[in-house]
file model_2.cif (mmCIF, C-alpha atoms and all ligand atoms)
data_target
loop_
_atom_site.label_atom_id
_atom_site.label_comp_id
_atom_site.auth_asym_id
_atom_site.auth_seq_id
_atom_site.Cartn_x
_atom_site.Cartn_y
_atom_site.Cartn_z
CA MET A 1 -41.27 18.81 -19.81
CA ALA A 2 -38.34 18.29 -22.16
CA SER A 3 -35.82 15.87 -20.73
CA ARG A 4 -32.31 17.10 -20.05
CA ASN A 5 -29.16 15.52 -21.38
CA TYR A 6 -26.61 14.32 -18.88
CA SER A 7 -23.08 13.13 -19.51
CA TYR A 8 -22.83 9.67 -20.98
CA PHE A 9 -19.62 9.24 -18.98
CA ALA A 10 -21.89 8.98 -15.95
CA ASP A 11 -23.77 6.08 -17.54
CA ILE A 12 -21.89 3.58 -15.45
CA PRO A 13 -23.43 0.95 -13.22
CA TYR A 14 -23.40 1.55 -9.49
CA SER A 15 -20.82 -0.78 -7.90
CA ILE A 16 -22.42 -4.19 -7.21
CA ILE A 17 -20.57 -4.38 -3.88
CA ARG A 18 -21.82 -0.97 -2.75
CA GLU A 19 -25.32 -1.75 -3.95
CA ILE A 20 -25.44 -4.87 -1.80
CA SER A 21 -24.09 -3.22 1.34
CA GLU A 22 -26.42 -0.25 0.95
CA LYS A 23 -29.34 -2.61 0.44
CA VAL A 24 -28.41 -4.30 3.73
CA ILE A 25 -28.51 -0.98 5.58
CA GLU A 26 -32.00 -0.43 4.18
CA ILE A 27 -33.25 -3.93 5.07
CA ASN A 28 -31.79 -3.76 8.57
CA LYS A 29 -33.71 -0.59 9.41
CA SER A 30 -36.87 -2.64 9.85
CA LEU A 31 -35.45 -5.80 11.46
CA PRO A 32 -35.10 -6.55 15.18
CA GLU A 33 -31.53 -6.80 16.53
CA ASP A 34 -31.30 -10.61 16.50
CA ARG A 35 -32.62 -10.94 12.95
CA LYS A 36 -30.54 -8.25 11.29
CA VAL A 37 -28.60 -9.19 8.19
CA ILE A 38 -24.91 -9.88 8.85
CA ASP A 39 -23.07 -7.81 6.30
CA LEU A 40 -20.06 -9.65 4.90
CA SER A 41 -20.17 -7.77 1.61
CA LEU A 42 -18.07 -4.61 1.62
CA GLY A 43 -14.27 -4.87 1.93
CA GLN A 44 -14.02 -3.51 5.44
CA ASN A 45 -11.59 -4.64 8.10
CA PHE A 46 -13.73 -4.54 11.24
CA LEU A 47 -10.88 -6.10 13.22
CA GLY A 48 -8.56 -3.24 12.40
CA ASP A 49 -7.92 -0.73 15.17
CA PRO A 50 -6.29 2.56 14.26
CA SER A 51 -5.88 3.56 17.94
CA VAL A 52 -2.21 2.56 17.80
CA ILE A 53 -1.80 5.45 15.35
CA ILE A 54 -4.54 7.87 16.39
CA GLN A 55 -3.32 8.14 19.99
CA ASN A 56 -0.19 9.77 18.58
CA ILE A 57 -2.11 12.45 16.68
CA LYS A 58 -2.41 15.18 19.27
CA TRP A 59 -4.86 17.53 17.57
CA LEU A 60 -7.51 14.82 17.50
CA GLU A 61 -7.58 14.77 21.28
CA ASP A 62 -7.16 18.47 21.94
CA LYS A 63 -10.36 19.48 23.75
CA SER A 64 -9.37 23.16 23.85
CA GLY A 65 -10.09 23.53 20.13
CA VAL A 66 -8.31 22.14 17.13
CA GLY A 67 -7.91 25.38 15.17
CA PRO A 68 -8.36 25.52 11.42
CA ILE A 69 -7.66 22.38 9.47
CA LEU A 70 -5.54 23.82 6.68
CA TYR A 71 -4.86 22.59 3.18
CA GLU A 72 -1.94 20.24 3.10
CA PRO A 73 0.66 20.56 0.34
CA SER A 74 -0.86 18.95 -2.74
CA LEU A 75 1.23 15.76 -2.51
CA GLY A 76 1.58 15.76 1.29
CA PRO A 77 4.42 17.44 3.27
CA VAL A 78 7.88 16.65 1.92
CA GLU A 79 9.23 15.45 5.28
CA VAL A 80 6.39 12.91 5.61
CA ARG A 81 6.92 11.67 2.06
CA GLU A 82 10.63 11.39 2.82
CA SER A 83 10.03 9.27 5.93
CA ILE A 84 7.56 7.03 4.07
CA ALA A 85 10.37 6.36 1.56
CA LYS A 86 13.26 6.18 4.00
CA VAL A 87 11.68 4.72 7.15
CA PHE A 88 8.29 3.05 6.54
CA TYR A 89 8.97 0.76 3.58
CA PRO A 90 12.59 -0.05 4.52
CA TYR A 91 11.35 -1.11 7.97
CA PHE A 92 9.17 -3.85 6.44
CA TYR A 93 11.33 -4.75 3.44
CA SER A 94 15.04 -4.59 2.96
CA PHE A 95 16.26 -2.77 -0.14
CA SER A 96 18.96 -0.36 -1.13
CA ASP A 97 18.36 3.00 0.58
CA ASP A 98 19.06 5.10 -2.50
CA LEU A 99 16.14 3.73 -4.54
CA ILE A 100 13.33 6.01 -3.37
CA ASP A 101 12.97 9.32 -1.56
CA ALA A 102 10.29 12.01 -1.11
CA SER A 103 10.30 12.77 -4.83
CA ASN A 104 9.01 9.26 -5.57
CA VAL A 105 6.10 9.27 -3.09
CA MET A 106 2.83 11.16 -2.97
CA ILE A 107 0.18 10.81 -0.28
CA THR A 108 -3.15 9.99 -1.87
CA ASP A 109 -6.79 9.43 -0.99
CA GLY A 110 -6.38 5.69 -0.54
CA ALA A 111 -5.02 3.16 -3.03
CA PHE A 112 -7.97 4.27 -5.12
CA GLY A 113 -6.49 7.78 -5.39
CA ALA A 114 -3.09 6.39 -6.28
CA VAL A 115 -4.47 4.24 -9.11
CA ARG A 116 -6.69 7.08 -10.32
CA ASN A 117 -3.73 9.49 -10.42
CA ALA A 118 -1.61 6.97 -12.30
CA LEU A 119 -4.35 6.24 -14.84
CA GLY A 120 -4.94 9.97 -15.20
CA ALA A 121 -1.25 10.45 -15.96
CA ILE A 122 -0.99 7.69 -18.55
CA PHE A 123 -4.29 6.87 -20.17
CA ARG A 124 -5.36 8.66 -23.35
CA PRO A 125 -8.69 8.05 -25.10
CA GLY A 126 -8.21 4.95 -27.24
CA ASP A 127 -5.46 3.47 -25.06
CA ILE A 128 -5.66 -0.07 -23.74
CA LEU A 129 -6.45 -1.28 -20.24
CA VAL A 130 -5.32 -4.78 -19.35
CA ILE A 131 -6.58 -6.41 -16.16
CA ASP A 132 -6.61 -9.84 -14.56
CA ARG A 133 -9.41 -12.34 -14.95
CA VAL A 134 -10.62 -12.07 -11.37
CA THR A 135 -9.86 -8.67 -9.89
CA PHE A 136 -11.08 -5.48 -8.22
CA ARG A 137 -12.73 -3.68 -11.16
CA TYR A 138 -13.52 -0.26 -9.72
CA PHE A 139 -10.85 1.42 -11.82
CA LEU A 140 -12.49 0.52 -15.05
CA HIS A 141 -15.39 2.69 -14.03
CA ALA A 142 -13.08 5.39 -12.67
CA LEU A 143 -11.58 5.64 -16.16
CA ILE A 144 -15.03 6.14 -17.62
CA ALA A 145 -15.90 8.72 -14.95
CA MET A 146 -12.71 10.60 -15.92
CA GLY A 147 -13.86 10.63 -19.53
CA ARG A 148 -10.87 8.64 -20.75
CA VAL A 149 -12.89 5.76 -22.17
CA MET A 150 -16.47 5.32 -23.28
CA PRO A 151 -18.92 3.52 -20.97
CA ASN A 152 -18.96 0.44 -23.21
CA ILE A 153 -15.23 -0.26 -22.77
CA THR A 154 -14.20 -3.90 -22.71
CA PRO A 155 -10.87 -4.31 -20.98
CA TYR A 156 -8.31 -6.84 -22.17
CA ILE A 157 -8.17 -9.80 -19.79
CA VAL A 158 -4.99 -11.77 -19.16
CA PRO A 159 -6.03 -15.44 -19.13
CA SER A 160 -5.51 -17.45 -15.94
CA ASP A 161 -7.08 -20.42 -14.25
CA GLU A 162 -8.34 -21.82 -11.00
CA GLU A 163 -5.17 -23.77 -10.10
CA THR A 164 -3.12 -20.59 -9.69
CA GLY A 165 -5.90 -18.75 -7.85
CA PHE A 166 -6.51 -16.88 -11.12
CA ILE A 167 -3.10 -15.23 -11.05
CA ALA A 168 -1.48 -15.22 -14.47
CA ARG A 169 2.15 -16.35 -14.51
CA ALA A 170 4.81 -13.83 -15.59
CA ASP A 171 5.36 -15.54 -18.95
CA GLN A 172 1.60 -15.47 -19.65
CA VAL A 173 1.43 -11.77 -18.83
CA ILE A 174 4.49 -10.88 -20.89
CA GLU A 175 3.29 -12.89 -23.87
CA PHE A 176 -0.11 -11.20 -23.67
CA LEU A 177 1.37 -7.69 -23.44
CA GLU A 178 3.88 -8.40 -26.20
CA ARG A 179 1.08 -9.45 -28.54
CA LEU A 180 -0.93 -6.31 -27.77
CA LYS A 181 2.13 -4.13 -28.24
CA ASN A 182 2.79 -5.58 -31.70
CA GLN A 183 -0.85 -5.15 -32.64
CA TYR A 184 -1.15 -1.59 -31.27
CA PRO A 185 2.31 0.03 -31.44
CA ASP A 186 0.92 3.57 -31.05
CA LYS A 187 -1.26 3.03 -28.02
CA ASN A 188 -0.35 3.10 -24.37
CA ILE A 189 -1.04 -0.25 -22.78
CA VAL A 190 -1.67 -0.17 -19.01
CA TYR A 191 -1.60 -3.37 -17.00
CA TYR A 192 -3.46 -2.87 -13.71
CA THR A 193 -2.74 -5.75 -11.40
CA GLN A 194 -2.50 -6.57 -7.72
CA PHE A 195 0.20 -8.07 -5.56
CA GLY A 196 -2.26 -9.59 -3.07
CA PHE A 197 -5.54 -10.13 -4.84
CA ASN A 198 -9.04 -9.03 -3.96
CA PRO A 199 -11.14 -11.24 -3.97
CA THR A 200 -9.01 -14.43 -3.90
CA GLY A 201 -6.47 -13.55 -1.20
CA CYS A 202 -3.79 -15.15 -3.37
CA TYR A 203 -0.46 -13.42 -3.88
CA ARG A 204 1.70 -13.00 -6.90
CA ASP A 205 5.20 -14.32 -6.34
CA SER A 206 7.72 -11.49 -5.96
CA ARG A 207 9.96 -13.15 -8.59
CA ASP A 208 7.07 -13.15 -11.07
CA LEU A 209 6.32 -9.52 -10.27
CA LYS A 210 9.97 -8.69 -10.90
CA LYS A 211 9.92 -10.45 -14.29
CA ILE A 212 6.80 -8.55 -15.35
CA THR A 213 8.27 -5.29 -14.05
CA ASN A 214 11.59 -5.76 -15.83
CA TYR A 215 9.81 -6.48 -19.10
CA ILE A 216 7.47 -3.49 -18.83
CA GLU A 217 10.12 -0.93 -17.86
CA GLU A 218 11.93 -1.65 -21.12
CA GLU A 219 8.81 -1.13 -23.26
CA LYS A 220 8.14 2.54 -23.77
CA ASN A 221 4.39 2.27 -24.31
CA ILE A 222 3.56 -0.35 -21.67
CA PHE A 223 2.85 0.65 -18.05
CA LEU A 224 2.34 -1.25 -14.81
CA ILE A 225 0.03 -0.17 -12.00
CA ASN A 226 0.69 -2.55 -9.13
CA ASP A 227 -1.93 -2.36 -6.38
CA ILE A 228 -0.45 -3.52 -3.06
CA ALA A 229 -3.39 -2.66 -0.77
CA TYR A 230 -3.16 -5.96 1.14
CA HIS A 231 0.60 -6.46 1.60
CA LEU A 232 0.51 -5.68 5.32
CA VAL A 233 -2.19 -8.23 6.15
CA ARG A 234 -0.17 -11.11 4.72
CA TRP A 235 0.76 -14.35 6.48
CA GLY A 236 2.03 -16.32 3.46
CA SER A 237 5.39 -14.62 3.03
CA SER A 238 7.00 -11.21 3.39
CA ASP A 239 8.71 -10.75 0.05
CA ILE A 240 8.88 -7.29 -1.53
CA PRO A 241 5.49 -6.15 -2.91
CA LEU A 242 6.71 -2.92 -4.55
CA ALA A 243 7.34 -3.18 -8.29
CA SER A 244 9.19 0.17 -8.07
CA ILE A 245 11.75 -1.49 -5.82
CA LEU A 246 12.04 -4.66 -7.90
CA ALA A 247 12.56 -2.56 -11.05
CA GLU A 248 15.91 -1.64 -12.62
CA ASP A 249 15.05 2.01 -13.32
CA GLY A 250 11.28 1.95 -12.79
CA ALA A 251 10.18 3.65 -16.02
CA GLY A 252 6.43 3.24 -16.49
CA ILE A 253 6.07 1.45 -13.12
CA VAL A 254 3.68 2.62 -10.36
CA ASP A 255 2.75 1.12 -7.00
CA ALA A 256 -0.51 1.98 -5.26
CA ASP A 257 -0.59 1.40 -1.51
CA SER A 258 -3.18 1.90 1.20
CA LEU A 259 -3.42 1.85 4.99
CA SER A 260 -7.18 1.15 4.80
CA LYS A 261 -7.07 -2.59 5.40
CA PRO A 262 -4.17 -3.08 7.84
CA PHE A 263 -5.30 -0.32 10.20
CA GLY A 264 -9.08 -0.29 9.78
CA LEU A 265 -8.84 3.16 8.20
CA MET A 266 -11.10 2.65 5.19
CA GLY A 267 -13.03 5.86 5.83
CA ALA A 268 -9.96 8.02 6.39
CA ARG A 269 -8.68 7.57 2.81
CA VAL A 270 -5.00 7.00 3.45
CA GLY A 271 -2.90 5.88 0.51
CA ALA A 272 0.34 6.43 -1.34
CA LEU A 273 1.53 6.44 -4.91
CA ILE A 274 5.11 5.35 -5.44
CA THR A 275 6.98 5.63 -8.72
CA ARG A 276 10.57 6.20 -9.86
CA ASP A 277 9.33 7.47 -13.23
CA ARG A 278 9.74 11.26 -12.89
CA GLU A 279 7.59 12.23 -15.86
CA LEU A 280 4.81 9.95 -14.70
CA PHE A 281 5.07 11.35 -11.17
CA LYS A 282 4.80 14.94 -12.42
CA ARG A 283 1.66 14.16 -14.38
CA ALA A 284 0.08 12.11 -11.59
CA ALA A 285 0.70 15.09 -9.28
CA ARG A 286 -1.33 17.34 -11.55
CA ILE A 287 -4.18 14.85 -11.64
CA GLN A 288 -4.18 14.70 -7.84
CA GLN A 289 -4.17 18.52 -7.60
CA TYR A 290 -7.21 18.95 -9.80
CA MET A 291 -9.09 15.92 -8.46
CA ILE A 292 -8.76 16.23 -4.69
CA VAL A 293 -6.77 19.46 -4.17
CA SER A 294 -4.67 17.92 -1.39
CA PRO A 295 -4.69 14.85 0.83
CA ASN A 296 -6.67 15.33 4.03
CA LYS A 297 -4.88 16.24 7.25
CA LEU A 298 -5.82 13.02 9.01
CA ALA A 299 -4.34 10.95 6.18
CA VAL A 300 -1.14 12.99 6.30
CA ASP A 301 -0.79 12.63 10.06
CA VAL A 302 -1.50 8.90 9.91
CA TRP A 303 1.43 8.55 7.50
CA ARG A 304 3.52 10.86 9.69
CA VAL A 305 2.97 8.59 12.70
CA VAL A 306 3.47 5.21 10.99
CA SER A 307 6.68 6.45 9.40
CA GLN A 308 8.37 7.24 12.72
CA ARG A 309 11.14 4.82 13.58
CA GLU A 310 10.25 4.76 17.31
CA ILE A 311 6.67 3.64 16.75
CA LEU A 312 7.31 0.91 14.19
CA PRO A 313 7.98 -1.90 16.71
CA GLU A 314 4.58 -1.18 18.33
CA ILE A 315 2.98 -1.09 14.88
CA THR A 316 4.56 -4.45 14.09
CA ASN A 317 3.13 -5.93 17.29
CA TYR A 318 -0.26 -4.59 16.37
CA LEU A 319 -0.01 -6.02 12.83
CA ASN A 320 1.12 -9.43 14.09
CA ASN A 321 -1.92 -9.62 16.38
CA LEU A 322 -4.24 -8.44 13.64
CA ILE A 323 -2.89 -10.97 11.15
CA ARG A 324 -3.29 -13.75 13.72
CA MET A 325 -6.96 -12.82 14.24
CA ILE A 326 -7.69 -12.51 10.53
CA ARG A 327 -5.93 -15.76 9.72
CA ASN A 328 -7.84 -17.60 12.47
CA ASN A 329 -11.08 -16.24 11.09
CA TYR A 330 -10.11 -17.17 7.55
CA GLU A 331 -9.20 -20.72 8.50
CA PHE A 332 -12.27 -21.16 10.67
CA PHE A 333 -14.63 -19.93 7.97
CA VAL A 334 -13.01 -21.85 5.14
CA ASN A 335 -12.87 -25.10 7.12
CA GLU A 336 -16.51 -24.83 8.13
CA LEU A 337 -17.60 -24.30 4.55
CA LYS A 338 -15.38 -27.11 3.32
CA GLU A 339 -17.21 -29.37 5.76
CA LEU A 340 -20.39 -28.39 4.01
CA GLY A 341 -18.94 -29.72 0.79
CA LEU A 342 -18.06 -26.36 -0.72
CA THR A 343 -14.60 -25.72 -2.08
CA VAL A 344 -12.30 -22.76 -1.70
CA CYS A 345 -10.20 -21.03 -4.31
CA LYS A 346 -6.48 -21.80 -3.82
CA GLU A 347 -5.73 -20.98 -0.18
CA GLY A 348 -5.51 -17.29 0.67
CA GLN A 349 -2.18 -16.06 2.00
CA GLY A 350 -3.17 -12.81 3.64
CA THR A 351 -6.61 -11.44 3.01
CA ILE A 352 -9.79 -10.21 4.58
CA TYR A 353 -11.88 -12.34 2.21
CA ALA A 354 -12.74 -15.98 1.55
CA PHE A 355 -13.41 -16.75 -2.11
CA ILE A 356 -15.74 -19.71 -2.05
CA LYS A 357 -16.83 -21.92 -4.92
CA ILE A 358 -20.49 -22.81 -4.82
CA ASN A 359 -22.50 -25.29 -6.79
CA LYS A 360 -25.22 -22.82 -7.72
CA ASP A 361 -25.38 -19.69 -9.85
CA ALA A 362 -23.69 -17.08 -7.64
CA SER A 363 -25.68 -14.24 -9.20
CA ILE A 364 -28.83 -15.87 -7.77
CA PHE A 365 -27.32 -17.53 -4.72
CA TRP A 366 -26.22 -14.30 -3.01
CA LYS A 367 -29.81 -13.05 -3.14
CA GLU A 368 -31.15 -16.28 -1.66
CA LEU A 369 -28.55 -16.19 1.09
CA LEU A 370 -29.46 -12.60 1.88
CA GLU A 371 -33.16 -13.31 1.98
CA ASN A 372 -33.15 -16.69 3.72
CA ALA A 373 -29.98 -16.80 5.81
CA LYS A 374 -29.73 -13.04 6.40
CA VAL A 375 -26.08 -13.05 5.41
CA ALA A 376 -24.83 -10.64 2.74
CA VAL A 377 -21.99 -11.73 0.46
CA VAL A 378 -20.83 -10.64 -3.00
CA PRO A 379 -21.17 -12.73 -6.18
CA ALA A 380 -17.94 -13.07 -8.14
CA THR A 381 -19.68 -11.39 -11.08
CA ALA A 382 -18.53 -8.17 -9.37
CA PHE A 383 -14.92 -9.21 -10.12
CA THR A 384 -15.11 -10.70 -13.62
CA ASP A 385 -16.27 -9.99 -17.14
CA PRO A 386 -20.06 -10.40 -17.35
CA HIS A 387 -19.78 -13.51 -19.55
CA ASP A 388 -16.99 -15.21 -17.57
CA ILE A 389 -18.25 -18.45 -16.03
CA VAL A 390 -16.08 -17.86 -12.93
CA GLY A 391 -18.33 -14.96 -11.97
CA LYS A 392 -21.22 -17.36 -11.54
CA LYS A 393 -19.29 -19.98 -9.61
CA TYR A 394 -17.89 -18.07 -6.67
CA ILE A 395 -18.87 -15.74 -3.87
CA ARG A 396 -16.64 -13.37 -1.90
CA VAL A 397 -17.15 -13.27 1.85
CA THR A 398 -15.56 -10.67 4.12
CA ILE A 399 -14.16 -12.60 7.11
CA SER A 400 -12.51 -9.71 8.99
CA VAL A 401 -15.38 -9.33 11.44
CA ASN A 402 -15.77 -10.04 15.13
CA ARG A 403 -15.44 -13.80 15.71
CA ASP A 404 -18.92 -14.16 17.27
CA LEU A 405 -20.48 -12.58 14.23
CA LEU A 406 -18.53 -14.86 11.91
CA GLU A 407 -19.62 -17.91 13.90
CA GLU A 408 -23.21 -16.73 13.76
CA SER A 409 -22.99 -16.26 10.00
CA VAL A 410 -21.55 -19.77 9.55
CA LEU A 411 -24.46 -21.13 11.57
CA ARG A 412 -26.97 -19.23 9.44
CA ILE A 413 -25.32 -20.36 6.20
CA LYS A 414 -25.22 -23.97 7.42
CA ASN A 415 -28.86 -23.92 8.46
CA TYR A 416 -29.92 -22.48 5.18
CA LEU A 417 -27.80 -24.78 3.01
CA GLN A 418 -28.79 -27.89 4.91
CA GLY A 419 -32.43 -26.87 4.80
CA SER A 420 -32.30 -26.06 1.11
CA ARG A 421 -30.31 -29.21 0.27
CA ILE A 422 -27.86 -27.67 -2.12
CA LEU A 423 -24.93 -29.48 -0.60
CA VAL A 424 -22.54 -31.49 -2.70
CA LYS A 425 -22.19 -34.30 -0.18
C1 LIG B 1 -7.36 -4.21 -4.50
C2 LIG B 1 -7.91 -2.97 -3.93
N1 LIG B 1 -7.39 -1.80 -4.30
C3 LIG B 1 -7.85 -0.65 -3.81
C4 LIG B 1 -8.91 -0.63 -2.93
C5 LIG B 1 -9.38 0.68 -2.42
O1 LIG B 1 -8.66 0.93 -1.27
P1 LIG B 1 -8.57 2.36 -0.58
O2 LIG B 1 -9.52 2.36 0.53
O3 LIG B 1 -7.16 2.43 -0.11
O4 LIG B 1 -8.83 3.37 -1.64
C6 LIG B 1 -9.50 -1.82 -2.53
C7 LIG B 1 -10.65 -1.81 -1.63
O5 LIG B 1 -11.25 -2.79 -1.31
C8 LIG B 1 -8.98 -3.01 -3.04
O6 LIG B 1 -9.50 -4.19 -2.69
#
call {"tool": "encode", "arguments": {"input": "model_2.cif", "output": "structure tokens"}}
result
Amino acid sequence: MASRNYSYFADIPYSIIREISEKVIEINKSLPEDRKVIDLSLGQNFLGDPSVIIQNIKWLEDKSGVGPILYEPSLGPVEVRESIAKVFYPYFYSFSDDLIDASNVMITDGAFGAVRNALGAIFRPGDILVIDRVTFRYFLHALIAMGRVMPNITPYIVPSDEETGFIARADQVIEFLERLKNQYPDKNIVYYTQFGFNPTGCYRDSRDLKKITNYIEEEKNIFLINDIAYHLVRWGSSDIPLASILAEDGAGIVDADSLSKPFGLMGARVGALITRDRELFKRAARIQQYMIVSPNKLAVDVWRVVSQREILPEITNYLNNLIRMIRNNYEFFVNELKELGLTVCKEGQGTIYAFIKINKDASIFWKELLENAKVAVVPATAFTDPHDIVGKKYIRVTISVNRDLLEESVLRIKNYLQGSRILVK
């Protein structure tokens, strides 16, 4: 039979992280309860509890029938977008109340949806994507899936090193972008970066973010997509994560937020795109309309609840407890592994991951750990260029799990490492 031709835009690798976690589900089917693999691979916050929000969404509890679940307005209801701008963000961060309103906010399907909409609005075939050396790389593949770049794209990487937790300083970023701009004056250059980084848990300084933002907003063909998915699980500081707020006028600047991690709502797809660039907003809105039609009702009502002034003190209590648990887990895990002679990337400041340096090839080590210790982690190759040495030196471990499970995984890792003698000391 003649073979069919499929789109080459779909010739993209399956996500390494997803592949590992789906492999674990498969392996666990045939293992007894006490020998099941502990899955510390996918970026899930198992300690998150959305009840604090869900109990305020009446239709979820209405046993007499929920009625039809209707389409939401394509960007989410205006009054909810208005309260996200006027109540939610100003509650956590102080800034001038005339900077953003409903017209600057759209409710999206997670931070993923926000970044996708922004890329869809900006990126033309042939344009340039700039990313950090160690970062969440899903969006590279999203661009290919959208047909904006060919599957063999190589993104431009801003150099950075271990000492800064692989976060490039503002002057490094600006110099890098300036050079690209001079080389490619007719292309759009999009810098996708994060405020709190996955996988390192390190945070960019708000002053550095402001410097980068102020440079980019003055350059008509450079854009910033600032992913702030982790800002609410921070313990390091509470400075402003939103580039749109740090900006002078915000041209070319987009923030992508998510309630996935702080509220354990990964599967509900709750995000927001924020920008003060009206043209960009208009185009991102069209991308959203033709990609997902409208945000789902649960996502809209989650935002509606968390943006109510009366509930925010309770939400803050919840977040403080959550952060305490996550931080305890992080410190416990990191200290235990340090005792084994392993080192940790510059201390995390608010993260659901530990980024651990190992003295073995990570692209082999994760498989050995899975097979022998029955603990699933992700090699840093999932977060770097294929030829970057850093990818082979680190693993990412999700630490936002029940404490007993984390203790059990430490025990398994210890037993395996001590048995296999790959310790440094
Ligand atoms: C940096 C970063 N951005 C975006 C996402 C996707 O988040 P969401 O569930 O909000 O789409 C993740 C998920 O792990 C992430 O780590």
call {"tool": "axis_aligned_box", "arguments": {"input": "model_2.cif", "around": "ligand LIG 1 (chain B)", "padding_each_side": "4 Å", "output": "JSON"}}
result
{"center_x": -9.2, "center_y": -0.4, "center_z": -2.0, "size_x": 12.1, "size_y": 15.6, "size_z": 13.0}
call {"tool": "residues_around", "arguments": {"input": "model_2.cif", "residues": "Gly267 in chain A", "least_positions_apart": "4", "cutoff": "12 Å", "atoms": "only C-alpha atoms", "output": "mmCIF file with C-alpha atoms, keeping the file's coordinate frame"}}
result
data_model
loop_
_atom_site.group_PDB
_atom_site.id
_atom_site.type_symbol
_atom_site.label_atom_id
_atom_site.label_comp_id
_atom_site.auth_asym_id
_atom_site.auth_seq_id
_atom_site.Cartn_x
_atom_site.Cartn_y
_atom_site.Cartn_z
ATOM 1 C CA GLY A 43 -14.270 -4.870 1.930
ATOM 2 C CA GLN A 44 -14.020 -3.510 5.440
ATOM 3 C CA ASN A 45 -11.590 -4.640 8.100
ATOM 4 C CA PHE A 46 -13.730 -4.540 11.240
ATOM 5 C CA PRO A 50 -6.290 2.560 14.260
ATOM 6 C CA ASP A 109 -6.790 9.430 -0.990
ATOM 7 C CA GLY A 110 -6.380 5.690 -0.540
ATOM 8 C CA SER A 258 -3.180 1.900 1.200
ATOM 9 C CA LEU A 259 -3.420 1.850 4.990
ATOM 10 C CA SER A 260 -7.180 1.150 4.800
ATOM 11 C CA LYS A 261 -7.070 -2.590 5.400
ATOM 12 C CA PHE A 263 -5.300 -0.320 10.200
ATOM 13 C CA GLY A 271 -2.900 5.880 0.510
ATOM 14 C CA ASN A 296 -6.670 15.330 4.030
ATOM 15 C CA LEU A 298 -5.820 13.020 9.010
ATOM 16 C CA ALA A 299 -4.340 10.950 6.180
#
call {"tool": "residues_near_point", "arguments": {"input": "model_2.cif", "point": "(8.6, -11.5, -8.1)", "cutoff": "10 Å", "atoms": "all atoms listed in the file", "output": "PyMOL selection string"}}
result
chain A and resi 170+195+204-213+239-243+246
call {"tool": "residues_around", "arguments": {"input": "model_2.cif", "residues": "range 177-185 of chain A", "least_positions_apart": "3", "cutoff": "8 Å", "atoms": "all atoms listed in the file", "output": "list of chain:residue names"}}
result
A:Val173, A:Ile174, A:Ile189, A:Asn221, A:Ile222
call {"tool": "residues_around", "arguments": {"input": "model_2.cif", "residues": "Ile122 in chain A", "least_positions_apart": "2", "cutoff": "10 Å", "atoms": "only C-alpha atoms", "output": "ChimeraX atom specification"}}
result
/A:117-120,124,127,188-190,221-223,252,280,283-284
call {"tool": "closest_residue", "arguments": {"input": "model_2.cif", "among": "A:Val375, A:Leu47, A:Pro73, A:Leu406", "to": "Ile27 in chain A", "atoms": "only C-alpha atoms"}}
result
A:Val375
call {"tool": "closest_residue", "arguments": {"input": "model_2.cif", "among": "A:Ser51, A:Asn56, A:Ser7, A:Ser30", "to": "Glu310 in chain A", "atoms": "all atoms listed in the file"}}
result
A:Asn56
call {"tool": "closest_residue", "arguments": {"input": "model_2.cif", "among": "A:Ser294, A:Ser94, A:Gln308, A:Ser3", "to": "Glu79 in chain A", "atoms": "all atoms listed in the file"}}
result
A:Gln308
call {"tool": "atom_distance", "arguments": {"input": "model_2.cif", "atom1": "CA of Ala373 in chain A", "atom2": "CA of Phe166 in chain A"}}
result
28.9 Å
call {"tool": "residues_around", "arguments": {"input": "model_2.cif", "residues": "Tyr8 in chain A", "least_positions_apart": "4", "cutoff": "9 Å", "atoms": "only C-alpha atoms", "output": "MDAnalysis selection string"}}
result
chainID A and resid 12 150:151
call {"tool": "closest_residue", "arguments": {"input": "model_2.cif", "among": "A:His387, A:Arg4, A:Lys29, A:Arg81", "to": "Val300 in chain A", "atoms": "all atoms listed in the file"}}
result
A:Arg81
call {"tool": "atom_distance", "arguments": {"input": "model_2.cif", "atom1": "CA of Ile69 in chain A", "atom2": "CA of Ile292 in chain A"}}
result
15.5 Å
call {"tool": "closest_residue", "arguments": {"input": "model_2.cif", "among": "A:Val390, A:Ile395, A:Ile53, A:Ile84", "to": "Ala376 in chain A", "atoms": "only C-alpha atoms"}}
result
A:Ile395
call {"tool": "closest_residue", "arguments": {"input": "model_2.cif", "among": "A:Gly48, A:Glu33, A:Ser21, A:Leu129", "to": "Tyr191 in chain A", "atoms": "only C-alpha atoms"}}
result
A:Leu129
call {"tool": "residues_around", "arguments": {"input": "model_2.cif", "residues": "Ser363 in chain A", "least_positions_apart": "4", "cutoff": "8 Å", "atoms": "all atoms listed in the file", "output": "ChimeraX atom specification"}}
result
/A:367,379-381,391-392
call {"tool": "atom_distance", "arguments": {"input": "model_2.cif", "atom1": "CA of Thr200 in chain A", "atom2": "CA of Phe355 in chain A"}}
result
5.3 Å
